[in-house]
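entry08.txt (compact mmCIF, C-alpha atoms)
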# COMPACT_ATOMS: atom_id res chain seq x y z
CA MET K 1 74.49 13.23 11.38
CA THR K 2 71.23 13.50 13.30
CA ALA K 3 68.17 14.77 11.44
CA ASN K 4 66.25 17.64 12.97
CA ILE K 5 63.10 19.64 12.30
CA ILE K 6 63.66 22.65 10.02
CA LYS K 7 60.09 23.93 10.00
CA THR K 8 56.62 23.00 11.26
CA VAL K 9 53.38 23.98 9.52
CA LYS K 10 49.93 23.44 11.02
CA ALA K 11 46.73 23.61 8.98
CA ARG K 12 43.10 22.57 8.93
CA ILE K 13 42.40 21.31 5.41
CA PRO K 14 38.91 20.39 4.14
CA VAL K 15 38.68 16.73 3.13
CA GLU K 16 36.97 16.22 -0.23
CA PHE K 17 36.14 12.77 -1.59
CA SER K 18 37.98 11.43 1.51
CA GLN K 19 41.27 12.95 0.28
CA TYR K 20 43.65 15.88 0.60
CA VAL K 21 47.05 16.52 -1.03
CA LEU K 22 50.58 17.79 -0.60
CA PHE K 23 51.33 18.69 -4.20
CA ASP K 24 53.50 20.86 -6.47
CA TYR K 25 50.78 22.76 -8.31
CA PHE K 26 53.48 25.19 -9.54
CA GLY K 27 55.10 22.50 -11.73
CA ASP K 28 53.93 20.52 -14.74
CA ASP K 29 52.77 17.37 -12.92
CA SER K 30 49.12 16.48 -12.34
CA VAL K 31 47.72 15.14 -9.08
CA SER K 32 45.45 12.85 -11.11
CA ASP K 33 48.56 11.00 -12.36
CA ILE K 34 49.33 9.67 -8.87
CA GLU K 35 47.84 6.19 -8.80
CA ARG K 36 45.62 5.51 -5.80
CA PRO K 37 45.72 2.05 -4.19
CA ALA K 38 42.78 -0.27 -4.90
CA ASN K 39 42.19 -1.19 -1.25
CA ALA K 40 39.68 0.95 0.68
CA GLY K 41 41.92 1.39 3.72
CA TRP K 42 44.87 3.12 2.06
CA VAL K 43 46.59 5.96 3.94
CA GLY K 44 48.65 7.64 1.23
CA CYS K 45 50.37 7.41 -2.12
CA ALA K 46 53.13 9.50 -3.68
CA GLY K 47 54.90 10.10 -6.97
CA ARG K 48 55.75 12.85 -9.44
CA GLY K 49 54.58 16.15 -8.01
CA GLY K 50 53.63 15.12 -4.49
CA ALA K 51 51.37 12.92 -2.42
CA VAL K 52 47.68 12.18 -1.83
CA PHE K 53 46.26 11.16 1.54
CA HIS K 54 43.09 9.22 2.30
CA ALA K 55 40.91 10.15 5.27
CA SER K 56 37.88 8.24 6.45
CA ASP K 57 34.65 8.64 4.51
CA GLN K 58 33.05 10.49 7.42
CA SER K 59 35.76 13.15 7.89
CA ILE K 60 35.13 16.69 6.75
CA ALA K 61 38.54 18.10 7.71
CA ALA K 62 42.09 17.07 8.53
CA TYR K 63 44.07 18.84 11.23
CA ILE K 64 47.62 18.43 9.94
CA GLU K 65 51.01 19.04 11.45
CA LEU K 66 53.62 18.97 8.68
CA GLN K 67 57.21 18.69 9.86
CA LEU K 68 59.98 19.50 7.40
CA TRP K 69 63.14 17.64 8.44
CA SER K 70 66.82 18.02 7.45
CA GLY K 71 67.03 14.24 6.90
CA GLN K 72 64.95 11.12 7.46
CA PRO K 73 63.43 11.15 10.96
CA ALA K 74 63.47 8.03 13.10
CA ALA K 75 60.45 5.78 12.63
CA ASP K 76 57.89 5.37 15.41
CA ASP K 77 57.48 1.62 15.79
CA LEU K 78 54.42 2.08 18.00
CA VAL K 79 52.30 3.39 15.10
CA ASP K 80 50.03 0.77 13.53
CA ASP K 81 50.97 0.05 9.90
CA LEU K 82 47.29 0.52 8.96
CA ALA K 83 47.62 4.18 9.99
CA ARG K 84 50.98 4.88 8.32
CA PHE K 85 52.30 5.53 4.82
CA GLU K 86 55.86 6.11 3.66
CA GLY K 87 56.95 7.02 0.14
CA ARG K 88 58.90 9.32 -2.17
CA PHE K 89 57.91 12.24 -4.36
CA THR K 90 59.37 14.96 -6.55
CA ALA K 91 58.52 18.65 -6.57
CA ASP K 92 60.31 20.36 -9.45
CA SER K 93 59.38 23.89 -8.35
CA GLY K 94 60.66 23.33 -4.81
CA ARG K 95 57.23 24.23 -3.39
CA VAL K 96 54.16 22.21 -2.51
CA ILE K 97 50.68 23.13 -1.37
CA LEU K 98 48.99 21.35 1.51
CA ALA K 99 45.49 21.48 0.08
CA SER K 100 42.02 20.13 -0.43
CA LEU K 101 41.47 18.41 -3.79
CA THR K 102 39.66 21.36 -5.35
CA GLY K 103 41.40 24.13 -3.43
CA SER K 104 40.29 26.22 -0.47
CA THR K 105 41.21 29.34 1.45
CA SER K 106 42.82 27.03 4.05
CA ASP K 107 45.48 25.75 1.60
CA VAL K 108 49.09 26.39 2.68
CA THR K 109 52.19 26.74 0.49
CA VAL K 110 55.35 25.09 1.85
CA GLU K 111 58.84 25.91 0.55
CA LEU K 112 61.05 22.80 0.37
CA PRO K 113 64.86 22.58 0.57
CA SER K 114 66.50 22.04 -2.80
CA ALA K 115 66.70 18.31 -3.55
CA PRO K 116 66.16 15.89 -6.42
CA GLY K 117 63.40 14.23 -4.42
CA TYR K 118 61.75 13.98 -1.04
CA GLY K 119 60.77 11.30 1.41
CA ILE K 120 57.40 11.46 3.11
CA ARG K 121 55.83 9.67 6.04
CA ALA K 122 52.17 10.18 6.92
CA ILE K 123 50.55 9.06 10.14
CA ARG K 124 46.80 9.15 10.67
CA LEU K 125 46.59 9.84 14.41
CA GLY K 126 42.86 9.42 14.92
CA SER K 127 39.60 11.31 14.73
CA ALA K 128 37.25 13.29 16.92
CA VAL K 129 33.74 14.70 16.59
CA ASP K 130 33.46 18.48 16.93
CA GLU K 131 30.71 20.53 18.62
CA GLU K 132 28.63 20.40 15.43
CA ASP K 133 28.81 16.58 15.34
CA ARG K 134 31.24 16.53 12.40
CA GLN K 135 34.20 14.17 12.23
CA ASN K 136 37.72 15.59 11.93
CA GLU K 137 40.98 13.64 11.67
CA GLU K 138 44.42 14.44 13.02
CA TRP K 139 47.48 13.75 10.88
CA ARG K 140 51.23 14.22 11.12
CA LEU K 141 53.31 14.48 7.95
CA PHE K 142 57.10 14.22 7.87
CA VAL K 143 58.96 15.46 4.77
CA TRP K 144 62.73 15.34 4.18
CA PRO K 145 65.08 15.85 1.23
CA LEU K 146 66.63 12.79 -0.40
CA SER K 147 70.26 12.99 -1.50
CA GLY K 148 71.39 12.05 -5.00

Exercise: express the given structure as structure tokens:
Amino acid sequence: MTANIIKTVKARIPVEFSQYVLFDYFGDDSVSDIERPANAGWVGCAGRGGAVFHASDQSIAAYIELQLWSGQPAADDLVDDLARFEGRFTADSGRVILASLTGSTSDVTVELPSAPGYGIRAIRLGSAVDEEDRQNEEWRLFVWPLSG
């Protein structure tokens, strides 16, 4: 069976402390329990409740396209491994929020298909400087339900 896109969500999320999240704030898990990698160049990490993503220190916002898939999408072998993260997470409530670390009016709630867990792939596409000389990054997130 071929996987296909169920839903696409686009958002501009403020980056705080070089991070933003896709997290189940409706459940009992805490984003602070997701262990961040020790290396400075990490792209993402995931676990109970969701995932955390690491932007560059100069970025003030992330322009994100989140694609919810019916199954695992094919990998793009042309993407540099230094700009990619793949992992697994749980979201007991079946909802996650694409959000800044401390919350903002730009945060977006995403309903997930019922599953025991989810796969996630994050790709940091690059950055650009806006008209006010601020750096913004572009990201693409892929999320799919895991069976059993």

| request: Please provide as a PyMOL selection string all residues within 7 Å of range 110-112 of chain K, with the sequence filter that same-chain residues fewer than 3 positions apart are discarded (counting all atoms listed in the file). | output: chain K and resi 94-97

| task | List the neighbours of Trp69 in chain K out to 12 Å using only C-alpha atoms; skip same-chain residues closer than 3 positions along the sequence, and give me the result as a PyMOL selection string. | result | chain K and resi 2-9+66+72-74+112-113+118-121+141-146

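Taking CA of Arg124 in chain K as the reference point, CA of Glu137 in chain K is found at 7.4 Å.
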
| task | Within 6 Å of (56.3, 6.5, 0.0) (coordinates as in the file), grab all the protein and nucleic acid residues, counting all atoms listed in the file, and write them out as number ranges by chain. | result | K: 46, 86-88, 120

What does the file look like for those residues with C-alpha atoms, as a PDB file, keeping the file's coordinate frame?
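To be explicit, this is the file written out as part.pdb:
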ATOM      1  CA  ALA K  46      53.130   9.500  -3.680  1.00  0.00           C
ATOM      2  CA  GLU K  86      55.860   6.110   3.660  1.00  0.00           C
ATOM      3  CA  GLY K  87      56.950   7.020   0.140  1.00  0.00           C
ATOM      4  CA  ARG K  88      58.900   9.320  -2.170  1.00  0.00           C
ATOM      5  CA  ILE K 120      57.400  11.460   3.110  1.00  0.00           C
TER       6      ILE K 120
END

| request: Give me the residues within 9 Å of Gln19 in chain K as a PyMOL selection string, counting all atoms listed in the file and dropping any in the same chain fewer than 2 places off. | output: chain K and resi 14-17+21+52-57+100-101

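Going from CA of Asn39 in chain K over to CA of Arg140 in chain K, you cover 21.7 Å.
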
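Take the candidates K:Val129, K:Ala122, K:Ala115, K:Ile64 and check each one against Ile13 in chain K using all atoms listed in the file; the shortest distance goes to K:Ile64.
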
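Of the residues under consideration (K:Ala91, K:Ala11, K:Leu68, K:Ala75), K:Ala91 shows the shortest atom-to-atom contact distance to Gly47 in chain K when counting only C-alpha atoms.
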
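If you look at CA of Thr102 in chain K and CA of Val31 in chain K, they are 10.8 Å away from each other.
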
| For Asp24 in chain K, which residue among K:Ala128, K:Ser147, K:Gly49, K:Ser104 is the nearest when counting only C-alpha atoms? | K:Gly49

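Proximity of K:Tyr63, K:Tyr25, K:Trp42, K:Tyr20 to Phe85 in chain K, computed with only C-alpha atoms, is greatest for K:Trp42.
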
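Closest approach to Glu35 in chain K among K:Gly50, K:Glu65, K:Gln58, K:Leu125: K:Gly50, based on only C-alpha atoms.
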
| request: Could you check which of K:Ser93, K:Ser30, K:Ser106, K:Ser114 is closest to Ala62 in chain K, using only C-alpha atoms? | output: K:Ser106

Using the atoms already present, construct N, CA and C atoms for range 89-110 of chain K and hand them back as a PDB file, keeping the file's coordinate frame.
ATOM      1  N   PHE K  89      58.530  11.407  -3.337  1.00  0.00           N
ATOM      2  CA  PHE K  89      57.910  12.240  -4.360  1.00  0.00           C
ATOM      3  C   PHE K  89      58.919  13.252  -4.883  1.00  0.00           C
ATOM      4  N   THR K  90      58.590  13.860  -6.000  1.00  0.00           N
ATOM      5  CA  THR K  90      59.370  14.960  -6.550  1.00  0.00           C
ATOM      6  C   THR K  90      58.521  16.222  -6.523  1.00  0.00           C
ATOM      7  N   ALA K  91      59.191  17.351  -6.500  1.00  0.00           N
ATOM      8  CA  ALA K  91      58.520  18.650  -6.570  1.00  0.00           C
ATOM      9  C   ALA K  91      59.471  19.584  -7.302  1.00  0.00           C
ATOM     10  N   ASP K  92      59.351  19.633  -8.618  1.00  0.00           N
ATOM     11  CA  ASP K  92      60.310  20.360  -9.450  1.00  0.00           C
ATOM     12  C   ASP K  92      60.418  21.839  -9.124  1.00  0.00           C
ATOM     13  N   SER K  93      59.338  22.459  -8.663  1.00  0.00           N
ATOM     14  CA  SER K  93      59.380  23.890  -8.350  1.00  0.00           C
ATOM     15  C   SER K  93      60.002  24.171  -6.989  1.00  0.00           C
ATOM     16  N   GLY K  94      60.135  23.128  -6.153  1.00  0.00           N
ATOM     17  CA  GLY K  94      60.660  23.330  -4.810  1.00  0.00           C
ATOM     18  C   GLY K  94      59.609  23.830  -3.827  1.00  0.00           C
ATOM     19  N   ARG K  95      58.344  23.807  -4.256  1.00  0.00           N
ATOM     20  CA  ARG K  95      57.230  24.230  -3.390  1.00  0.00           C
ATOM     21  C   ARG K  95      56.096  23.233  -3.546  1.00  0.00           C
ATOM     22  N   VAL K  96      55.366  23.032  -2.471  1.00  0.00           N
ATOM     23  CA  VAL K  96      54.160  22.210  -2.510  1.00  0.00           C
ATOM     24  C   VAL K  96      53.055  22.959  -1.780  1.00  0.00           C
ATOM     25  N   ILE K  97      51.826  22.561  -2.076  1.00  0.00           N
ATOM     26  CA  ILE K  97      50.680  23.130  -1.370  1.00  0.00           C
ATOM     27  C   ILE K  97      49.995  22.021  -0.609  1.00  0.00           C
ATOM     28  N   LEU K  98      49.797  22.230   0.674  1.00  0.00           N
ATOM     29  CA  LEU K  98      48.990  21.350   1.510  1.00  0.00           C
ATOM     30  C   LEU K  98      47.567  21.810   1.285  1.00  0.00           C
ATOM     31  N   ALA K  99      46.738  20.959   0.620  1.00  0.00           N
ATOM     32  CA  ALA K  99      45.490  21.480   0.080  1.00  0.00           C
ATOM     33  C   ALA K  99      44.376  20.446   0.006  1.00  0.00           C
ATOM     34  N   SER K 100      43.166  20.968  -0.092  1.00  0.00           N
ATOM     35  CA  SER K 100      42.020  20.130  -0.430  1.00  0.00           C
ATOM     36  C   SER K 100      42.127  19.795  -1.919  1.00  0.00           C
ATOM     37  N   LEU K 101      41.372  18.819  -2.381  1.00  0.00           N
ATOM     38  CA  LEU K 101      41.470  18.410  -3.790  1.00  0.00           C
ATOM     39  C   LEU K 101      41.109  19.528  -4.753  1.00  0.00           C
ATOM     40  N   THR K 102      40.101  20.319  -4.427  1.00  0.00           N
ATOM     41  CA  THR K 102      39.660  21.360  -5.350  1.00  0.00           C
ATOM     42  C   THR K 102      40.093  22.749  -4.925  1.00  0.00           C
ATOM     43  N   GLY K 103      40.896  22.845  -3.887  1.00  0.00           N
ATOM     44  CA  GLY K 103      41.400  24.130  -3.430  1.00  0.00           C
ATOM     45  C   GLY K 103      40.468  24.790  -2.436  1.00  0.00           C
ATOM     46  N   SER K 104      41.070  25.483  -1.466  1.00  0.00           N
ATOM     47  CA  SER K 104      40.290  26.220  -0.470  1.00  0.00           C
ATOM     48  C   SER K 104      41.127  27.351   0.096  1.00  0.00           C
ATOM     49  N   THR K 105      40.491  28.227   0.833  1.00  0.00           N
ATOM     50  CA  THR K 105      41.210  29.340   1.450  1.00  0.00           C
ATOM     51  C   THR K 105      42.134  28.848   2.570  1.00  0.00           C
ATOM     52  N   SER K 106      41.981  27.610   2.997  1.00  0.00           N
ATOM     53  CA  SER K 106      42.820  27.030   4.050  1.00  0.00           C
ATOM     54  C   SER K 106      44.130  26.454   3.514  1.00  0.00           C
ATOM     55  N   ASP K 107      44.283  26.350   2.201  1.00  0.00           N
ATOM     56  CA  ASP K 107      45.480  25.750   1.600  1.00  0.00           C
ATOM     57  C   ASP K 107      46.729  26.527   2.008  1.00  0.00           C
ATOM     58  N   VAL K 108      47.839  25.797   2.202  1.00  0.00           N
ATOM     59  CA  VAL K 108      49.090  26.390   2.680  1.00  0.00           C
ATOM     60  C   VAL K 108      50.223  26.007   1.745  1.00  0.00           C
ATOM     61  N   THR K 109      51.008  26.995   1.311  1.00  0.00           N
ATOM     62  CA  THR K 109      52.190  26.740   0.490  1.00  0.00           C
ATOM     63  C   THR K 109      53.395  26.490   1.395  1.00  0.00           C
ATOM     64  N   VAL K 110      54.173  25.457   1.062  1.00  0.00           N
ATOM     65  CA  VAL K 110      55.350  25.090   1.850  1.00  0.00           C
ATOM     66  C   VAL K 110      56.566  25.101   0.922  1.00  0.00           C
TER      67      VAL K 110
END
